[in-house]
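Since the structure comes first, as structure tokens, the remarks are kept for the end.
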Amino acid sequence: MSDVFVTMPKLGETVTEGTIGSWLKNVGDEVAFDDPLFEVSTDKVDSEIPSPCDGVILEILVPAGETVPIGTELVRIGAPGSTPTEAPAATPPAEAEEPDTEHQPGQPAMAEGAGIVHDITMPKLGETVTEGTVGSWLKNVGDEVAFDDPLFEVSTDKVDSEIPSPYDGVILEILVPAGETVPIGTVVARVGEPGATPSSSGEVAPTAPRAASGSGAPTTAPTATPPAVPGKNYSPIVRRLAAENGIDLATLTGTGAGGRIRREDVVAAIEQRPAGAAPATPATAATPAARPPAQPAAGMGPQTGVPAVPGVPDDRDRVEKLSRMRLAIAAGMVQSLQIAPQVWTSIEVDYENVEIARRKHKDAFRAATGASLSYLTFVARATCEALLKFPAVNSSIDVPNQTQTFHPYVNLGIAVDLDEKGLLVPVVRDADQLNLKGLGIRIKGQADKTRTGKLGPDEFKGSTFTITNVGPFQSYASAPIINQPNVAIMCTDGVARKPVAVGDTIAIHSVGIVGLVYDHRAFDGATASRFLLEVRDIIQTRDWSADLG
Amino acid sequence: MQTEAKDTYTYLDAVAVALDSEMERDENVFLIGEDVGQFGGAFKVTSGFLDKYGPRRVVDTPIAETGVTGLAAGAALVGLRPVVEFQFADFISCAFDPIVNVLSRHHWRTGDPMPVTMRAPFGSRLRAGPTHSQSVESYFAHVPGIKIVMPGTAADAAGLLIASIRDNNPVLFLENKYLYRRLTTPAPLSLEPIEIGRAHVVTEGTDVTVVTYSAGVHQAVDAAEQLAGDGISVEVIDLRTVVPMDAETVFASVRKTSRAVVLHEAAEHLGMGAEIAAQIQREAFWHLDQPVERIAARNTPVPTSPPLEDAVVPQPAEIVETIRKVATA
């Protein structure tokens, strides 16, 4: 690195000069970042001034006892003897575009006339945040900034914030352009002292004293506190015992609620460690409670590998091998619950409007199509329409690849029960293009072929949305599991005659619940509720006779 | 009198025996309060005292807690050791001014001793309604200069009352009236004073510490026995005096168990549990495996209706399940 000059700092708003109380280092001394260099007295405060970098004191320019104006150069610090050209640890992506002049030897310590140059780093905007995106720069190179002026906007996965300047001064360099995402601690800009000029207008300064920060990572004071582990919350004693005994908490399985790692889990890990591995400090609270063996954590392996919870054998029990279909259903259900946070919502539907059409048309419909004019047909028709209005409900989501795929067509999966021997979901392709009659015929056709084994494997693929119709069994309200890769599944529950308020009078109508289980990664409750409302309104207000006529 | 020799002593007997022994021992000790003389006290603690010690040392008063407490302060200034009885702790609020503005700080203004003992039966679970069921310790725990003693056993009631009367500070001695006739201790009843400010580890355990006092001790011990059957080892600490509080015993226990629950029948909001939890997190933070949990009354006046009172005041199932959750979650 090139030499760094430390100047008389501004220790208060109205302070104009300072007196060197005493030098705490001598010429030739090695100093580390944050080591006190000298004491300053102003008319307001006395302070120890820390070193801005690791290095060696090359020259003391102002002796103790002298009073000098703010900004006067006081000491020159050179690179630590052994590593004069050490590169920073965290390199911002913008680095590659910079002129490769940074590490040239013999460059002056500062941008010309800049005095002390401060690094502005990507701040840590949350406990578990590891990187941030520069949303936009609110200042340009060459702009004067005052302490607390907004410098740039940062977006993380948690918050968007304006980052204020910690210094009065001038923007010398912007190292990370807007839109770039960089790790916490990455230097994103440099600010020189007030009045400083960037070395070349608008361009990055070629002489940035990168080594002044030692490293791109934020420097924290050494402390006895056991380190927090990003992304995981551990109790204080768990953190302390793990730190004292060198236990990697990521390797432990917790026996507490939700797999939480308890004190006992760490103590057990310490005791199970091979002899000789124990560090100096023994565990203080050695109380290995006799607890059942830990269950494997969710997601540890394929669902089929999860051992069963042992039951109590009884001579009267009968053990059967699982069918392939049962195994497939089991795997599908577990997988779906593992990958998708599933939420259930529902709405009550008044089928009186449907009843009017059914009474009028069901015999003719059956005669013409061979299918019964079921509630499901109406619900499916209304659903196809509503899905096109709410594309998120008819989508697929791929979080690892950070994409959501919207389907401008409806391939409607219909869950078909095989006499309690299993469940298959044939697909009615392009269901949105079918009218009520066509949909009724296709649903019945696919269901019949499924039950008689006449559908090929491709007929079970490609659904974009699924309906399970348990209504014929008079269920009240059900919450099925999403049929992957859909992001939602509808459940049509039992329809029953019930008193309902019609205006200020009570009438007896056919009423039932329509439920939706949805993947909360893909959309939120407002969308789910509005979608169900749309389905309900279509069912309740459409002139179905016109469709059937 | 309640003070005759017996095979077993109730909590109430123990209070009476301690009073009697101190009055015999020190002629400066006298009783003052509503109905302490002819009627023998609202709960008959001082039955027979008037005949034995006469009206100069067993003083019946009008219903005037402010005046009675002020009189006791004056008597203490001239060298007597008054023991004031409040019929129910609920009525002590009438004496708030002399307690807060005279008793608690007279010594700090003048250096004079202020040896006034205030006895007050407190607590709920007797279907006595909102104005006869209060737990008042937090009101006075906030006022520097008053010791607050809350024994949970008959033996502690005797030893701590004797220590309170001999103490040169004002002492609020809160007797749990639910325990009065429900607890007994076998003879002989020790009349040795018990040091104020020393907690007692009632049951030792390794998984969770329950910090409690007064009637809570028995609820906690019952819960600990039940949880022991499920393999959960509970340490129960009876604070015995909440001011001064034996915090070191609490910290030592929490450093061992790494989990703590505070149990009291006073309302949760700003109850002793808040102070105890705050001190634990400060002094034992790196030993904690769970947040400190509180089990306390809901923040409502205590209702008269039995099911409603049970809903407000901590019940065994809530106590057991809360401790279990802290110990195992």
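Here's how to read the names in the structure tokens: chain A, B, ... by the order shown, residue numbers from 1 in each chain, ligand numbers from 1 in the order shown.
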Exercise for the section: Please return, as a ChimeraX atom specification, all residues of chain B lying within 10 Å of chain A when only C-alpha atoms are considered. Expected result: /B:206-207,231-233,255-259,284-291,325-329
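The coordinates place CA of Gln279 (chain B) at 13.5 Å from CA of Pro244 (chain B).
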Show me, as a PyMOL selection string, the residues that have an atom within 12 Å of Thr117 (chain B) when counting only C-alpha atoms, minus same-chain residues fewer than 4 positions from it.
chain B and resi 19+29-33+69+72-73+75-76+80-86+99+103-104+146-149+160-174
Keeping N, CA, C and O atoms, export the residues of the selection given above as a compact mmCIF listing (two decimals), in the first residue's frame.
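Output file selection_39.txt is given in full below:
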```txt
# COMPACT_ATOMS: atom_id res chain seq x y z
N LEU B 19 -45.80 -13.68 67.67
CA LEU B 19 -46.21 -12.41 68.29
C LEU B 19 -46.15 -12.49 69.80
O LEU B 19 -45.62 -11.61 70.48
N VAL B 29 -42.82 -4.06 72.61
CA VAL B 29 -43.63 -4.54 71.48
C VAL B 29 -45.09 -4.41 71.85
O VAL B 29 -45.51 -4.84 72.92
N PHE B 30 -45.87 -3.78 70.98
CA PHE B 30 -47.31 -3.72 71.22
C PHE B 30 -48.06 -3.86 69.90
O PHE B 30 -47.52 -3.64 68.82
N LEU B 31 -49.33 -4.29 70.03
CA LEU B 31 -50.17 -4.52 68.86
C LEU B 31 -51.14 -3.37 68.70
O LEU B 31 -51.68 -2.85 69.68
N ILE B 32 -51.40 -3.00 67.47
CA ILE B 32 -52.38 -1.95 67.21
C ILE B 32 -53.08 -2.26 65.89
O ILE B 32 -52.44 -2.70 64.93
N GLY B 33 -54.40 -2.07 65.88
CA GLY B 33 -55.14 -2.31 64.65
C GLY B 33 -56.62 -2.46 64.93
O GLY B 33 -57.06 -2.45 66.09
N THR B 69 -51.36 3.91 61.31
CA THR B 69 -49.98 3.75 60.85
C THR B 69 -49.13 4.94 61.28
O THR B 69 -47.97 4.79 61.70
N ALA B 72 -48.29 4.50 64.82
CA ALA B 72 -47.22 3.53 65.00
C ALA B 72 -45.87 4.17 64.73
O ALA B 72 -44.88 3.92 65.44
N ALA B 73 -45.80 5.04 63.70
CA ALA B 73 -44.54 5.71 63.39
C ALA B 73 -44.10 6.56 64.58
O ALA B 73 -42.93 6.54 64.98
N ALA B 75 -44.92 6.15 67.72
CA ALA B 75 -44.53 5.28 68.83
C ALA B 75 -43.12 4.74 68.63
O ALA B 75 -42.34 4.65 69.59
N ALA B 76 -42.80 4.41 67.37
CA ALA B 76 -41.45 3.89 67.09
C ALA B 76 -40.41 4.96 67.39
O ALA B 76 -39.31 4.65 67.87
N LEU B 80 -40.75 2.57 71.07
CA LEU B 80 -41.57 1.36 71.09
C LEU B 80 -41.41 0.59 69.78
O LEU B 80 -40.84 1.09 68.81
N ARG B 81 -41.92 -0.66 69.77
CA ARG B 81 -41.82 -1.49 68.56
C ARG B 81 -43.23 -1.95 68.19
O ARG B 81 -43.65 -3.06 68.48
N PRO B 82 -43.98 -1.06 67.53
CA PRO B 82 -45.36 -1.38 67.22
C PRO B 82 -45.48 -2.46 66.15
O PRO B 82 -44.67 -2.53 65.22
N VAL B 83 -46.53 -3.28 66.28
CA VAL B 83 -46.91 -4.24 65.24
C VAL B 83 -48.32 -3.87 64.82
O VAL B 83 -49.27 -4.03 65.58
N VAL B 84 -48.44 -3.33 63.61
CA VAL B 84 -49.73 -2.89 63.10
C VAL B 84 -50.37 -4.06 62.35
O VAL B 84 -49.72 -4.73 61.55
N GLU B 85 -51.66 -4.31 62.64
CA GLU B 85 -52.36 -5.32 61.84
C GLU B 85 -53.34 -4.63 60.90
O GLU B 85 -54.17 -3.82 61.35
N PHE B 86 -53.20 -4.94 59.61
CA PHE B 86 -54.24 -4.56 58.66
C PHE B 86 -55.15 -5.77 58.48
O PHE B 86 -54.66 -6.89 58.29
N ILE B 99 -46.90 5.26 55.10
CA ILE B 99 -45.89 4.24 54.78
C ILE B 99 -44.83 4.82 53.85
O ILE B 99 -43.62 4.69 54.08
N LEU B 103 -42.76 6.24 57.09
CA LEU B 103 -42.02 5.05 57.53
C LEU B 103 -40.81 4.79 56.65
O LEU B 103 -39.70 4.54 57.14
N SER B 104 -41.01 4.83 55.32
CA SER B 104 -39.94 4.37 54.43
C SER B 104 -38.74 5.30 54.48
O SER B 104 -37.62 4.88 54.24
N ILE B 146 -38.41 0.04 52.62
CA ILE B 146 -39.32 -0.87 53.31
C ILE B 146 -38.90 -2.30 53.01
O ILE B 146 -38.72 -2.65 51.84
N LYS B 147 -38.74 -3.09 54.05
CA LYS B 147 -38.50 -4.52 53.80
C LYS B 147 -39.85 -5.21 53.60
O LYS B 147 -40.84 -4.83 54.24
N ILE B 148 -39.87 -6.21 52.75
CA ILE B 148 -41.11 -6.92 52.47
C ILE B 148 -40.87 -8.42 52.63
O ILE B 148 -40.06 -9.01 51.91
N VAL B 149 -41.57 -8.99 53.62
CA VAL B 149 -41.37 -10.39 53.99
C VAL B 149 -42.63 -11.16 53.63
O VAL B 149 -43.74 -10.72 53.96
N LEU B 160 -39.54 -15.55 60.65
CA LEU B 160 -39.40 -14.27 59.95
C LEU B 160 -40.18 -13.16 60.64
O LEU B 160 -39.77 -11.99 60.60
N LEU B 161 -41.30 -13.48 61.32
CA LEU B 161 -42.03 -12.42 62.03
C LEU B 161 -41.20 -11.93 63.22
O LEU B 161 -41.12 -10.73 63.48
N ILE B 162 -40.56 -12.88 63.88
CA ILE B 162 -39.70 -12.49 65.01
C ILE B 162 -38.57 -11.59 64.51
O ILE B 162 -38.27 -10.53 65.08
N ALA B 163 -37.94 -11.99 63.38
CA ALA B 163 -36.88 -11.16 62.82
C ALA B 163 -37.40 -9.80 62.40
O ALA B 163 -36.72 -8.77 62.55
N SER B 164 -38.62 -9.76 61.89
CA SER B 164 -39.20 -8.50 61.43
C SER B 164 -39.43 -7.54 62.60
O SER B 164 -39.13 -6.34 62.51
N ILE B 165 -39.95 -8.08 63.69
CA ILE B 165 -40.23 -7.22 64.84
C ILE B 165 -38.92 -6.68 65.41
O ILE B 165 -38.84 -5.54 65.85
N ARG B 166 -37.86 -7.48 65.37
CA ARG B 166 -36.58 -7.04 65.92
C ARG B 166 -35.82 -6.13 64.95
O ARG B 166 -34.81 -5.54 65.33
N ASP B 167 -36.27 -6.06 63.71
CA ASP B 167 -35.56 -5.25 62.71
C ASP B 167 -35.84 -3.78 62.97
O ASP B 167 -36.97 -3.39 63.30
N ASN B 168 -34.84 -2.95 62.80
CA ASN B 168 -35.01 -1.51 63.04
C ASN B 168 -35.58 -0.76 61.84
O ASN B 168 -35.73 0.45 61.88
N ASN B 169 -35.87 -1.51 60.77
CA ASN B 169 -36.49 -0.89 59.59
C ASN B 169 -37.98 -1.19 59.59
O ASN B 169 -38.42 -2.16 60.18
N PRO B 170 -38.75 -0.37 58.87
CA PRO B 170 -40.15 -0.74 58.67
C PRO B 170 -40.21 -2.02 57.83
O PRO B 170 -39.50 -2.15 56.84
N VAL B 171 -41.03 -2.95 58.28
CA VAL B 171 -41.17 -4.23 57.57
C VAL B 171 -42.64 -4.46 57.27
O VAL B 171 -43.50 -4.35 58.15
N LEU B 172 -42.92 -4.74 56.00
CA LEU B 172 -44.26 -5.16 55.61
C LEU B 172 -44.27 -6.68 55.61
O LEU B 172 -43.54 -7.31 54.84
N PHE B 173 -45.04 -7.26 56.51
CA PHE B 173 -45.06 -8.71 56.70
C PHE B 173 -46.37 -9.22 56.10
O PHE B 173 -47.44 -9.05 56.68
N LEU B 174 -46.28 -9.82 54.91
CA LEU B 174 -47.49 -10.21 54.18
C LEU B 174 -47.77 -11.69 54.39
O LEU B 174 -46.98 -12.55 54.00
```
- Spatial neighbours of region 1-18 of chain B, 9 Å, only C-alpha atoms, chain gap at least 2 places, as a VMD selection string: chain B and resid 20 to 23 43 to 49 152 to 162 175 to 177 179 to 189 191
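The gap separating CA of Ala297 (chain B) from CA of Glu65 (chain B) is 26.8 Å, in Å to one decimal.
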| request: Please provide as a PyMOL selection string all residues within 12 Å of Val236 (chain B), with the sequence filter that same-chain residues fewer than 6 positions apart are discarded (counting only C-alpha atoms). | output: chain B and resi 199-213+216-225+249-250+253-254+257+259-263+323
**Message:** Set the distance at 8 Å and use only C-alpha atoms: which residues neighbour region 133-143 of chain A once local chain neighbours fewer than 5 positions away are removed? I'd like the list as a ChimeraX atom specification.
**Reply:** /A:150-156,170-174,176-182,197-198,201-203
Selected residues written out, N, CA, C and O atoms, as a CSV table (one decimal), in the first residue's frame:
```csv
chain,number,residue,atom,x,y,z
A,150,PRO,N,-28.1,11.8,2.6
A,150,PRO,CA,-28.3,10.5,1.9
A,150,PRO,C,-27.2,10.3,0.8
A,150,PRO,O,-27.1,11.2,0.0
A,151,LEU,N,-26.5,9.2,0.8
A,151,LEU,CA,-25.5,8.9,-0.2
A,151,LEU,C,-26.1,8.0,-1.3
A,151,LEU,O,-25.9,8.3,-2.5
A,152,PHE,N,-26.7,6.9,-0.9
A,152,PHE,CA,-27.2,6.0,-1.8
A,152,PHE,C,-28.3,5.2,-1.2
A,152,PHE,O,-28.6,5.2,0.0
A,153,GLU,N,-29.1,4.5,-2.1
A,153,GLU,CA,-30.2,3.6,-1.6
A,153,GLU,C,-29.7,2.2,-1.6
A,153,GLU,O,-29.0,1.8,-2.6
A,154,VAL,N,-30.1,1.4,-0.6
A,154,VAL,CA,-29.7,0.0,-0.6
A,154,VAL,C,-31.0,-0.8,-0.5
A,154,VAL,O,-31.9,-0.5,0.3
A,155,SER,N,-31.1,-1.9,-1.3
A,155,SER,CA,-32.1,-2.9,-1.1
A,155,SER,C,-31.5,-4.2,-0.6
A,155,SER,O,-30.5,-4.7,-1.2
A,156,THR,N,-32.1,-4.8,0.4
A,156,THR,CA,-31.7,-6.1,0.8
A,156,THR,C,-33.0,-6.9,0.7
A,156,THR,O,-34.0,-6.4,0.3
A,170,VAL,N,-16.3,15.2,0.2
A,170,VAL,CA,-16.5,15.2,-1.2
A,170,VAL,C,-16.5,13.7,-1.7
A,170,VAL,O,-15.6,13.0,-1.3
A,171,ILE,N,-17.4,13.3,-2.6
A,171,ILE,CA,-17.4,12.0,-3.1
A,171,ILE,C,-16.2,11.9,-4.1
A,171,ILE,O,-16.1,12.6,-5.1
A,172,LEU,N,-15.2,11.1,-3.8
A,172,LEU,CA,-14.1,10.9,-4.7
A,172,LEU,C,-14.3,9.8,-5.7
A,172,LEU,O,-13.8,9.9,-6.8
A,173,GLU,N,-14.9,8.7,-5.2
A,173,GLU,CA,-15.1,7.6,-6.1
A,173,GLU,C,-16.4,6.9,-5.8
A,173,GLU,O,-16.8,6.9,-4.6
A,174,ILE,N,-17.0,6.4,-6.8
A,174,ILE,CA,-18.1,5.4,-6.6
A,174,ILE,C,-17.6,4.1,-7.2
A,174,ILE,O,-17.3,4.0,-8.4
A,176,VAL,N,-19.1,0.9,-6.7
A,176,VAL,CA,-20.2,-0.1,-7.0
A,176,VAL,C,-21.3,0.6,-7.7
A,176,VAL,O,-22.0,1.5,-7.0
A,177,PRO,N,-21.6,0.4,-9.0
A,177,PRO,CA,-22.6,1.1,-9.6
A,177,PRO,C,-24.0,0.6,-9.2
A,177,PRO,O,-24.2,-0.4,-8.6
A,178,ALA,N,-25.0,1.5,-9.4
A,178,ALA,CA,-26.4,1.1,-9.0
A,178,ALA,C,-26.8,-0.2,-9.7
A,178,ALA,O,-26.4,-0.4,-10.8
A,179,GLY,N,-27.5,-1.0,-9.0
A,179,GLY,CA,-28.0,-2.3,-9.5
A,179,GLY,C,-27.1,-3.4,-9.1
A,179,GLY,O,-27.5,-4.6,-9.2
A,180,GLU,N,-25.9,-3.2,-8.7
A,180,GLU,CA,-25.0,-4.3,-8.3
A,180,GLU,C,-25.3,-4.8,-6.9
A,180,GLU,O,-25.6,-4.0,-6.0
A,181,THR,N,-25.1,-6.1,-6.7
A,181,THR,CA,-25.3,-6.6,-5.4
A,181,THR,C,-23.9,-7.1,-4.9
A,181,THR,O,-23.2,-7.8,-5.6
A,182,VAL,N,-23.6,-6.6,-3.7
A,182,VAL,CA,-22.3,-6.9,-3.1
A,182,VAL,C,-22.4,-7.4,-1.7
A,182,VAL,O,-23.4,-7.1,-1.0
A,197,THR,N,-10.8,17.4,-4.2
A,197,THR,CA,-11.2,17.3,-5.6
A,197,THR,C,-10.9,15.9,-6.1
A,197,THR,O,-9.8,15.4,-5.8
A,198,PRO,N,-11.8,15.2,-6.7
A,198,PRO,CA,-11.5,13.9,-7.3
A,198,PRO,C,-10.4,14.1,-8.3
A,198,PRO,O,-10.3,15.1,-9.0
A,201,SER,N,-12.1,14.1,-13.2
A,201,SER,CA,-13.5,14.4,-13.1
A,201,SER,C,-14.4,13.2,-13.5
A,201,SER,O,-14.2,12.7,-14.6
A,202,GLY,N,-15.3,12.8,-12.7
A,202,GLY,CA,-16.2,11.7,-13.0
A,202,GLY,C,-15.7,10.3,-13.1
A,202,GLY,O,-16.4,9.4,-13.1
A,203,GLU,N,-14.4,10.2,-13.1
A,203,GLU,CA,-13.8,8.9,-13.2
A,203,GLU,C,-13.4,8.4,-11.8
A,203,GLU,O,-13.3,9.2,-10.9
```
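Look at region 366-369 of chain A: the protein and nucleic acid residues within 12 Å of it, using only C-alpha atoms and passing over chain neighbours fewer than 2 places away, are Arg358, Lys360, His361, Lys362, Asp363, Ala364, Ala371, Ser372, Leu373, Ser374, Leu436, Lys437, Gly438, Leu439, Gly440, Ile441, Arg442, Ile443, Lys444, Gly445 and Leu548 of chain A.
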Residue list (strand (DSSP E or B), DSSP) for region 4-131 of chain B, as a PyMOL selection string: chain B and resi 8-10+29-33+58-60+81-85+117-122
Just-selected residues, C-alpha atoms written as a compact mmCIF listing (two decimals), in the first residue's frame:
```txt
# COMPACT_ATOMS: atom_id res chain seq x y z
CA THR B 8 -48.89 -29.20 65.03
CA TYR B 9 -49.01 -25.49 64.27
CA THR B 10 -50.92 -23.89 61.45
CA VAL B 29 -43.63 -4.54 71.48
CA PHE B 30 -47.31 -3.72 71.22
CA LEU B 31 -50.17 -4.52 68.86
CA ILE B 32 -52.38 -1.95 67.21
CA GLY B 33 -55.14 -2.31 64.65
CA VAL B 58 -53.21 -4.53 72.51
CA VAL B 59 -54.82 -1.42 71.10
CA ASP B 60 -58.17 -1.54 69.30
CA ARG B 81 -41.82 -1.49 68.56
CA PRO B 82 -45.36 -1.38 67.22
CA VAL B 83 -46.91 -4.24 65.24
CA VAL B 84 -49.73 -2.89 63.10
CA GLU B 85 -52.36 -5.32 61.84
CA THR B 117 -43.90 -4.10 61.61
CA MET B 118 -47.03 -4.08 59.45
CA ARG B 119 -48.85 -7.40 59.25
CA ALA B 120 -51.34 -7.82 56.45
CA PRO B 121 -53.16 -10.94 55.21
CA PHE B 122 -53.15 -10.89 51.43
```
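The space between CA of Phe460 (chain A) and CA of Pro485 (chain A) spans 12.2 Å.
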